[in-house]
file my_file_15.txt (compact mmCIF, C-alpha atoms)
# COMPACT_ATOMS: atom_id res chain seq x y z
CA MET A 1 88.43 11.94 4.52
CA ASN A 2 91.58 12.88 2.67
CA CYS A 3 95.28 13.01 3.53
CA SER A 4 96.11 16.41 2.03
CA PRO A 5 98.41 18.59 4.17
CA PHE A 6 95.86 21.44 3.83
CA ASP A 7 92.09 21.48 3.53
CA LEU A 8 91.16 20.26 0.03
CA LYS A 9 87.93 22.27 0.08
CA ASP A 10 89.87 25.49 0.80
CA TYR A 11 92.08 24.57 -2.15
CA PHE A 12 89.04 23.81 -4.30
CA PHE A 13 87.52 27.24 -3.62
CA GLY A 14 90.82 29.05 -4.23
CA GLU A 15 91.02 30.27 -0.63
CA LEU A 16 94.50 28.92 0.25
CA PRO A 17 97.57 31.19 0.42
CA VAL A 18 100.09 30.67 -2.41
CA ALA A 19 102.57 28.54 -0.40
CA GLU A 20 99.86 26.20 0.91
CA ARG A 21 98.35 25.99 -2.54
CA SER A 22 101.66 24.81 -4.01
CA ALA A 23 102.09 22.23 -1.26
CA THR A 24 98.57 20.90 -1.90
CA GLU A 25 99.23 20.69 -5.63
CA SER A 26 102.43 18.68 -5.00
CA HIS A 27 100.46 16.33 -2.77
CA LEU A 28 97.68 15.94 -5.34
CA ALA A 29 100.18 14.92 -8.00
CA SER A 30 101.04 11.84 -5.98
CA CYS A 31 97.73 11.03 -4.24
CA PRO A 32 94.91 9.42 -6.31
CA ARG A 33 92.51 9.44 -3.33
CA CYS A 34 92.72 13.20 -2.91
CA ARG A 35 92.41 13.67 -6.67
CA GLU A 36 89.25 11.62 -6.60
CA GLU A 37 87.90 13.66 -3.69
CA LEU A 38 88.63 16.85 -5.63
CA ALA A 39 86.86 15.45 -8.70
CA ARG A 40 83.77 14.67 -6.59
CA LEU A 41 83.73 18.25 -5.31
CA GLY A 42 83.92 19.43 -8.92
CA ASP A 43 81.02 17.16 -9.91
CA THR A 44 78.92 18.43 -7.02
CA ARG A 45 79.54 22.04 -7.97
CA ALA A 46 78.79 21.30 -11.65
CA LEU A 47 75.47 19.70 -10.69
CA LEU A 48 74.54 22.62 -8.46
CA MET A 49 75.43 25.09 -11.19
CA SER A 50 73.19 23.26 -13.66
CA VAL A 51 70.26 25.04 -11.98
CA ALA A 52 70.52 28.43 -13.69
CA ASP A 53 69.56 31.81 -12.27
CA GLU A 54 66.09 33.07 -13.18
CA GLU A 55 65.09 36.49 -14.47
CA PRO A 56 62.95 38.39 -11.95
CA PRO A 57 59.30 38.37 -13.11
CA ARG A 58 59.15 42.18 -12.87
CA ARG A 59 61.78 44.90 -12.82
CA ILE A 60 62.31 46.87 -9.62
CA ALA A 61 62.41 50.65 -9.95
CA PHE A 62 61.86 53.63 -7.70
CA VAL A 63 60.33 57.01 -8.45
CA SER A 64 61.05 60.32 -6.79
CA ASP A 65 58.15 61.05 -4.44
CA LYS A 66 57.34 64.79 -4.36
CA VAL A 67 55.48 64.40 -1.05
CA PHE A 68 58.70 63.62 0.79
CA GLU A 69 60.90 66.14 -0.97
CA PRO A 70 61.79 69.17 1.20
CA ARG A 71 59.97 72.42 0.40
CA TRP A 72 61.87 75.57 -0.59
CA TRP A 73 61.72 77.03 2.93
CA GLN A 74 62.93 73.74 4.42
CA ARG A 75 65.91 73.74 2.08
CA VAL A 76 66.72 77.35 3.11
CA TRP A 77 66.21 76.53 6.77
CA ASN A 78 68.56 73.54 6.54
CA SER A 79 71.34 75.40 4.76
CA GLY A 80 73.56 77.63 6.94
CA PRO A 81 74.90 80.14 4.38
CA GLN A 82 71.51 80.75 2.75
CA LEU A 83 69.83 81.14 6.11
CA GLY A 84 72.54 83.62 7.21
CA PHE A 85 72.06 85.63 4.01
CA ALA A 86 68.30 85.68 4.45
CA ALA A 87 68.62 86.84 8.08
CA SER A 88 71.03 89.65 7.06
CA ALA A 89 68.70 90.76 4.28
CA MET A 90 65.73 90.87 6.66
CA LEU A 91 67.73 92.87 9.22
CA ALA A 92 68.84 95.38 6.56
CA THR A 93 65.26 95.77 5.33
CA ALA A 94 64.03 96.34 8.90
CA ILE A 95 66.65 99.07 9.46
CA LEU A 96 65.73 100.81 6.19
CA VAL A 97 62.01 100.68 6.92
CA HIS A 98 62.57 101.95 10.43
CA GLY A 99 64.86 104.77 9.16
CA PHE A 100 62.68 106.10 6.32
CA ALA A 101 59.18 104.80 6.08
CA LEU A 102 58.26 104.87 9.77
CA ARG A 103 59.88 108.22 10.65
CA PRO A 104 57.21 110.14 12.69
CA ALA A 105 55.92 113.37 11.12
CA ALA A 106 54.69 116.02 13.59
CA ALA A 107 51.88 117.24 11.33
CA THR A 108 50.36 113.88 10.79
CA VAL A 109 50.60 112.52 14.30
CA ALA A 110 47.48 114.33 15.42
CA THR A 111 45.43 113.12 12.47
CA GLN A 112 46.49 109.52 12.58
CA SER A 113 43.96 107.16 13.99
CA PRO A 114 45.26 104.85 16.71
CA ALA A 115 46.46 101.45 15.56
CA PRO A 116 43.80 98.77 15.93
CA ILE A 117 44.29 96.76 19.09
CA VAL A 118 44.16 93.07 18.31
CA ASP A 119 42.86 90.91 21.04
CA ALA A 120 45.26 88.02 21.87
CA LYS A 121 42.38 85.54 22.07
CA THR A 122 41.05 86.53 18.65
CA MET A 123 44.53 86.17 17.16
CA GLN A 124 44.99 82.73 18.72
CA ALA A 125 41.57 81.64 17.42
CA GLU A 126 42.46 82.82 13.93
CA ILE A 127 45.80 80.94 14.07
CA ASP A 128 44.02 77.78 15.25
CA ARG A 129 41.45 78.10 12.49
CA ARG A 130 44.12 78.46 9.80
CA VAL A 131 46.22 75.58 11.17
CA GLU A 132 43.17 73.31 11.29
CA ALA A 133 42.17 74.23 7.75
CA LYS A 134 45.70 73.54 6.49
CA MET A 135 45.89 70.24 8.38
CA ALA A 136 42.55 69.12 6.95
CA THR A 137 43.77 69.84 3.42
CA VAL A 138 47.06 68.01 3.94
CA LEU A 139 45.32 65.01 5.53
CA ALA A 140 42.80 64.80 2.69
CA ASP A 141 45.66 64.87 0.16
CA ARG A 142 47.54 62.12 1.98
CA GLU A 143 44.44 59.96 2.30
CA ALA A 144 43.74 60.32 -1.42
CA GLN A 145 47.32 59.33 -2.25
CA GLN A 146 47.16 56.37 0.13
CA MET A 147 43.89 55.22 -1.41
CA GLU A 148 45.40 55.49 -4.88
CA ARG A 149 48.33 53.27 -3.85
CA VAL A 150 46.01 50.71 -2.23
CA MET A 151 43.93 50.60 -5.41
CA ASP A 152 47.09 50.09 -7.47
CA VAL A 153 48.08 47.11 -5.33
CA VAL A 154 44.56 45.65 -5.42
CA ASN A 155 44.36 46.02 -9.21
CA THR A 156 47.77 44.42 -9.70
CA LYS A 157 46.82 41.46 -7.52
CA ALA A 158 43.48 41.11 -9.30
CA ARG A 159 45.23 41.02 -12.67
CA LEU A 160 47.62 38.35 -11.40
CA LEU A 161 44.78 36.23 -10.05
CA ASP A 162 42.87 36.57 -13.29
CA SER A 163 45.85 35.50 -15.36
CA LYS A 164 46.45 32.53 -13.02
CA ARG A 165 42.78 31.53 -13.32
CA ARG A 166 43.02 31.64 -17.12
CA GLU A 167 46.15 29.45 -17.05
CA ASP A 168 44.36 27.00 -14.76
CA LEU A 169 41.34 26.89 -17.09
CA VAL A 170 43.61 26.14 -20.05
CA LEU A 171 45.23 23.32 -18.06
CA VAL A 172 41.85 21.90 -17.07
CA GLY A 173 40.80 22.01 -20.74
CA GLU A 174 43.93 20.13 -21.77
CA TYR A 175 43.36 17.49 -19.11
CA LEU A 176 39.74 17.04 -20.19
CA GLU A 177 40.82 16.65 -23.80
CA ARG A 178 43.38 14.01 -22.85
CA PHE A 179 40.82 12.24 -20.70
CA GLU A 180 38.34 12.18 -23.58
CA LYS A 181 40.96 10.72 -25.95
CA ARG A 182 41.85 8.06 -23.41
CA SER A 183 38.17 7.20 -22.96
CA GLN A 184 37.75 6.81 -26.70
CA GLN A 185 40.81 4.55 -26.86
CA VAL A 186 39.51 2.43 -23.98
CA THR A 187 36.08 2.19 -25.64
CA LYS A 188 37.70 1.05 -28.88
CA LEU A 189 39.77 -1.57 -27.06
CA VAL A 190 36.70 -2.86 -25.21
CA ASN A 191 34.75 -3.06 -28.47
CA TYR A 192 37.66 -4.82 -30.14
CA ALA A 193 37.91 -7.32 -27.27
CA ASN A 194 34.17 -7.99 -27.41
CA GLU A 195 34.33 -8.64 -31.15
CA MET B 1 85.06 43.54 -11.68
CA ILE B 2 87.22 46.55 -10.74
CA PHE B 3 85.44 48.75 -13.31
CA ARG B 4 82.10 47.57 -11.98
CA GLU B 5 83.09 48.44 -8.40
CA VAL B 6 84.25 51.89 -9.48
CA GLU B 7 81.00 52.51 -11.33
CA ASP B 8 78.94 51.19 -8.44
CA ARG B 9 80.76 53.56 -6.11
CA ASP B 10 79.97 56.46 -8.42
CA LEU B 11 76.29 55.51 -8.55
CA ILE B 12 76.17 55.16 -4.77
CA GLU B 13 77.60 58.67 -4.37
CA GLN B 14 74.98 60.06 -6.74
CA ALA B 15 72.17 58.14 -5.07
CA ARG B 16 73.27 59.55 -1.73
CA ARG B 17 72.59 63.00 -3.18
CA ASP B 18 68.97 61.94 -3.83
CA ASN B 19 69.55 61.00 -7.46
CA VAL B 20 66.86 58.34 -7.84
CA GLU B 21 67.81 57.55 -11.43
CA ALA B 22 71.37 56.67 -10.34
CA TYR B 23 69.90 54.39 -7.71
CA ASN B 24 67.62 52.72 -10.27
CA LEU B 25 70.68 51.97 -12.37
CA LEU B 26 72.37 50.44 -9.35
CA VAL B 27 69.24 48.35 -8.68
CA SER B 28 69.16 47.10 -12.28
CA ARG B 29 72.72 45.80 -11.83
CA TRP B 30 71.99 43.85 -8.67
CA GLU B 31 68.30 42.89 -8.82
CA LYS B 32 68.79 39.55 -10.62
CA ARG B 33 71.46 38.37 -8.18
CA ILE B 34 69.51 39.49 -5.11
CA TYR B 35 66.27 38.00 -6.48
CA ASN B 36 67.92 34.62 -7.11
CA TYR B 37 69.65 34.63 -3.74
CA LEU B 38 66.29 35.25 -2.05
CA LEU B 39 64.49 32.78 -4.31
CA ARG B 40 66.89 29.99 -3.29
CA LEU B 41 66.26 30.81 0.36
CA VAL B 42 62.48 31.36 0.45
CA LYS B 43 61.63 29.06 -2.50
CA ASN B 44 58.71 31.19 -3.71
CA ARG B 45 58.89 33.62 -6.65
CA GLU B 46 56.35 36.18 -5.43
CA ASP B 47 57.89 36.24 -1.95
CA ALA B 48 61.37 36.57 -3.45
CA LEU B 49 60.24 39.52 -5.58
CA ASP B 50 58.48 41.25 -2.67
CA LEU B 51 61.55 40.75 -0.49
CA SER B 52 63.83 42.08 -3.24
CA GLN B 53 61.77 45.28 -3.36
CA ASP B 54 61.99 45.62 0.42
CA VAL B 55 65.75 45.03 0.32
CA PHE B 56 66.36 47.76 -2.25
CA LEU B 57 64.05 50.17 -0.44
CA LYS B 58 65.89 49.61 2.86
CA ALA B 59 69.22 49.93 1.11
CA TYR B 60 68.15 53.29 -0.36
CA GLN B 61 66.94 54.57 2.99
CA ASN B 62 70.21 53.56 4.67
CA LEU B 63 72.66 54.31 1.88
CA ARG B 64 74.24 57.15 3.86
CA LYS B 65 75.12 54.68 6.63
CA LEU B 66 77.28 52.61 4.28
CA GLU B 67 80.76 53.64 5.38
CA ASP B 68 82.78 52.06 2.58
CA PRO B 69 81.01 52.05 -0.82
CA SER B 70 83.46 49.39 -2.11
CA ARG B 71 81.78 46.99 0.40
CA PHE B 72 78.35 47.59 -1.13
CA ALA B 73 77.79 43.94 -2.14
CA PRO B 74 78.26 42.32 1.31
CA TRP B 75 76.28 45.21 2.87
CA LEU B 76 73.38 44.71 0.43
CA TYR B 77 73.37 40.93 0.94
CA ARG B 78 73.39 41.46 4.70
CA ILE B 79 70.13 43.40 4.34
CA ALA B 80 68.76 40.63 2.08
CA HIS B 81 69.82 37.98 4.60
CA ASN B 82 67.94 39.79 7.40
CA GLU B 83 64.82 40.18 5.26
CA ALA B 84 64.88 36.52 4.18
CA TYR B 85 65.29 35.19 7.71
CA SER B 86 62.57 37.45 8.98
CA ALA B 87 60.23 36.05 6.29
CA LEU B 88 61.34 32.46 6.93
CA ARG B 89 60.59 32.81 10.63
CA LYS B 90 57.15 34.22 9.82
CA ASN B 91 56.30 31.43 7.34
CA ARG B 92 57.99 28.56 9.19
CA PRO B 93 54.96 26.21 9.57
CA GLU B 94 54.07 26.40 5.84
CA THR B 95 57.71 25.91 4.84
CA ASP B 96 58.00 22.81 6.99
CA LEU B 97 54.84 21.34 5.47
CA GLU B 98 56.12 22.01 1.98
CA ASP B 99 59.48 20.42 2.81
CA ALA B 100 57.77 17.35 4.21
CA GLU B 101 56.03 16.56 0.93
CA PHE B 102 57.15 13.28 -0.59
CA GLU B 103 57.28 13.13 -4.37
CA PRO B 104 58.26 9.60 -5.37
CA TRP B 105 58.14 10.37 -9.11
CA LEU B 106 61.05 12.78 -8.57
CA GLU B 107 63.36 10.11 -7.19
CA PRO B 108 66.13 9.32 -9.69
CA GLY B 109 66.19 5.81 -11.05
CA PRO B 110 69.19 3.66 -10.13
CA SER B 111 70.53 2.96 -13.58
CA ARG B 112 69.37 5.59 -16.06
CA ARG B 113 70.93 8.95 -16.91
CA MET B 114 68.86 12.02 -16.01
CA LEU B 115 67.54 14.69 -18.34
CA PRO B 116 68.46 18.33 -17.56
CA ILE B 117 65.03 19.07 -16.09
CA GLU B 118 65.30 15.99 -13.86
CA THR B 119 68.76 17.13 -12.76
CA SER B 120 67.35 20.54 -11.79
CA ILE B 121 64.62 18.87 -9.77
CA ALA B 122 67.11 16.53 -8.09
CA VAL B 123 69.36 19.49 -7.19
CA GLU B 124 66.43 21.47 -5.83
CA ARG B 125 65.34 18.49 -3.76
CA ALA B 126 68.87 17.99 -2.46
CA LEU B 127 69.09 21.67 -1.50
CA LYS B 128 65.78 21.36 0.34
CA THR B 129 67.23 18.67 2.59
CA LEU B 130 69.74 21.19 3.97
CA SER B 131 69.03 23.47 6.90
CA ASP B 132 68.38 27.15 6.08
CA ASP B 133 71.87 28.10 7.33
CA GLN B 134 73.59 25.41 5.27
CA ARG B 135 71.59 26.22 2.13
CA GLU B 136 72.40 29.92 2.46
CA ALA B 137 76.12 29.13 2.77
CA VAL B 138 75.93 27.08 -0.46
CA VAL B 139 74.04 29.83 -2.27
CA LEU B 140 76.52 32.53 -1.20
CA LYS B 141 79.60 30.50 -2.14
CA ILE B 142 78.58 28.42 -5.15
CA TYR B 143 75.98 30.62 -6.84
CA GLN B 144 77.07 34.09 -5.72
CA GLY B 145 80.84 33.50 -5.53
CA PHE B 146 81.58 35.34 -2.28
CA LYS B 147 84.83 34.91 -0.36
CA PHE B 148 84.60 33.42 3.15
CA GLU B 149 85.36 36.78 4.70
CA GLU B 150 82.45 38.40 2.82
CA MET B 151 80.18 35.49 3.71
CA ALA B 152 80.97 36.05 7.39
CA VAL B 153 79.92 39.71 7.06
CA ILE B 154 76.67 38.79 5.33
CA LEU B 155 75.80 35.99 7.75
CA GLY B 156 76.94 37.95 10.81
CA CYS B 157 79.09 35.10 12.08
CA PRO B 158 82.82 34.18 12.30
CA VAL B 159 84.59 32.96 9.14
CA SER B 160 85.04 29.53 10.75
CA THR B 161 81.25 29.18 11.21
CA ALA B 162 80.55 30.16 7.60
CA LYS B 163 83.10 27.60 6.41
CA SER B 164 81.78 24.90 8.66
CA ARG B 165 78.20 25.41 7.41
CA LEU B 166 79.33 25.27 3.79
CA TYR B 167 81.53 22.19 4.18
CA THR B 168 78.91 20.23 6.11
CA ALA B 169 76.39 21.10 3.39
CA LEU B 170 78.80 20.09 0.65
CA ASP B 171 79.45 16.72 2.26
CA LEU B 172 75.70 16.08 2.37
CA LEU B 173 75.18 17.25 -1.22
CA LYS B 174 78.17 15.25 -2.45
CA THR B 175 76.68 12.08 -1.05
CA THR B 176 73.22 12.81 -2.47
CA LEU B 177 74.14 14.21 -5.86
CA THR B 178 77.26 12.40 -7.05
CA SER B 179 75.32 9.13 -7.02
CA VAL B 180 73.07 10.70 -9.66
CA PRO B 181 74.21 9.84 -13.21
CA VAL B 182 73.88 12.94 -15.35
CA ARG B 183 74.60 13.67 -19.00
CA GLY B 184 77.55 16.02 -19.39
CA VAL B 185 78.86 15.61 -15.83
CA GLU B 186 81.17 12.66 -15.51

call {"tool": "encode", "arguments": {"input": "my_file_15.txt", "output": "structure tokens"}}
result
Amino acid sequence: MNCSPFDLKDYFFGELPVAERSATESHLASCPRCREELARLGDTRALLMSVADEEPPRRIAFVSDKVFEPRWWQRVWNSGPQLGFAASAMLATAILVHGFALRPAAATVATQSPAPIVDAKTMQAEIDRRVEAKMATVLADREAQQMERVMDVVNTKARLLDSKRREDLVLVGEYLERFEKRSQQVTKLVNYANE
Amino acid sequence: MIFREVEDRDLIEQARRDNVEAYNLLVSRWEKRIYNYLLRLVKNREDALDLSQDVFLKAYQNLRKLEDPSRFAPWLYRIAHNEAYSALRKNRPETDLEDAEFEPWLEPGPSRRMLPIETSIAVERALKTLSDDQREAVVLKIYQGFKFEEMAVILGCPVSTAKSRLYTALDLLKTTLTSVPVRGVE
């Protein structure tokens, strides 16, 4: 306990307002007990600070992952002005095509063969087939990437374990060497005692 | 410190625009502090490194949610606090066993002065006697130098609670450590 008008620990950590800080300093000038308490806080902090920070064993860094980056059409889709421009361009093209290229000519109408009629079921089947093919490709890519990452982790862990095992073997060797020396010393002492 | 905050803010803005290199620079500035904060909480180097990576990944994913970039440090430590406590809860039985170990050869002798390595061990032992909450308060104030207001943000508690945890811990450490005679600390 201390008799300071304000909390000595708040003062110690520099968290007192100026006026309270001055009052505490005046009190400290005339109170040996509070000075001693303050000195003990300083000692405690100095001891704690004697345990220094460590460097991380490995640096942390991130790489840009192309898999998660938006594709060009996603960027266009997500940006209002570009999407508006694209829509206007498509509309203009449609008007031009309709106005010039698809104008019906009387002489050719009779000779034109009728447009092929596409069955809705056939179209749906074709769409399904293409979607499935695309999905299979994407899934295979993702699985390959996942496997690559797993192998990276496994290899890293294996390297760590191997290095730890080597360190342990060195330690065991050192202990054996010390043990052998001790045994020799003991043998010498026993021989000396027997003589 | 002001320059550093300004530069951090600039890097945060760039990282928010998907500039990974800017984010890596930001990580390189904070990784040692975050790693040591986590190391003092979880007491295991590999776990501390894994948690540090998770912290920086979560921070990157949520960088756009950080309203005030000048409050990056308390925000980042709040993420680290959550990750550490989640890990501590998961590993609780092992941690308790480790804490319960008795190492008589580490006890300081009554009359001799301690070597620096012995001091480190004594400090680490003293820190282990604290509860997780108390130890974290000590780490944030003594080792990381946060103000009480910032500590309250990181710990998700009122300022008075953060202070109370720290002061209780300091009283315990004072009793344990100031009886230890150490070279250079009179």

call {"tool": "interface_residues", "arguments": {"input": "my_file_15.txt", "of": "chain B", "to": "chain A", "cutoff": "8 Å", "atoms": "only C-alpha atoms", "output": "ChimeraX atom specification"}}
result
/B:20,24,27-28,31-33,35-36,49,53,116,119-120,123,142-143,147,167,170,173-174,177-178,185-186

call {"tool": "residues_near_point", "arguments": {"input": "my_file_15.txt", "point": "(77.5, 57.4, -7.3)", "cutoff": "12 Å", "atoms": "all atoms listed in the file", "output": "ChimeraX atom specification"}}
result
/B:4-26,63-64,69-70,72

call {"tool": "atom_distance", "arguments": {"input": "my_file_15.txt", "atom1": "CA of Arg149 in chain A", "atom2": "CA of Tyr60 in chain B"}}
result
20.1 Å

call {"tool": "atom_distance", "arguments": {"input": "my_file_15.txt", "atom1": "CA of Asp54 in chain B", "atom2": "CA of Ala140 in chain A"}}
result
27.2 Å

call {"tool": "residues_around", "arguments": {"input": "my_file_15.txt", "residues": "Leu76 in chain B", "least_positions_apart": "5", "cutoff": "10 Å", "atoms": "only C-alpha atoms", "output": "count of residues only"}}
result
11
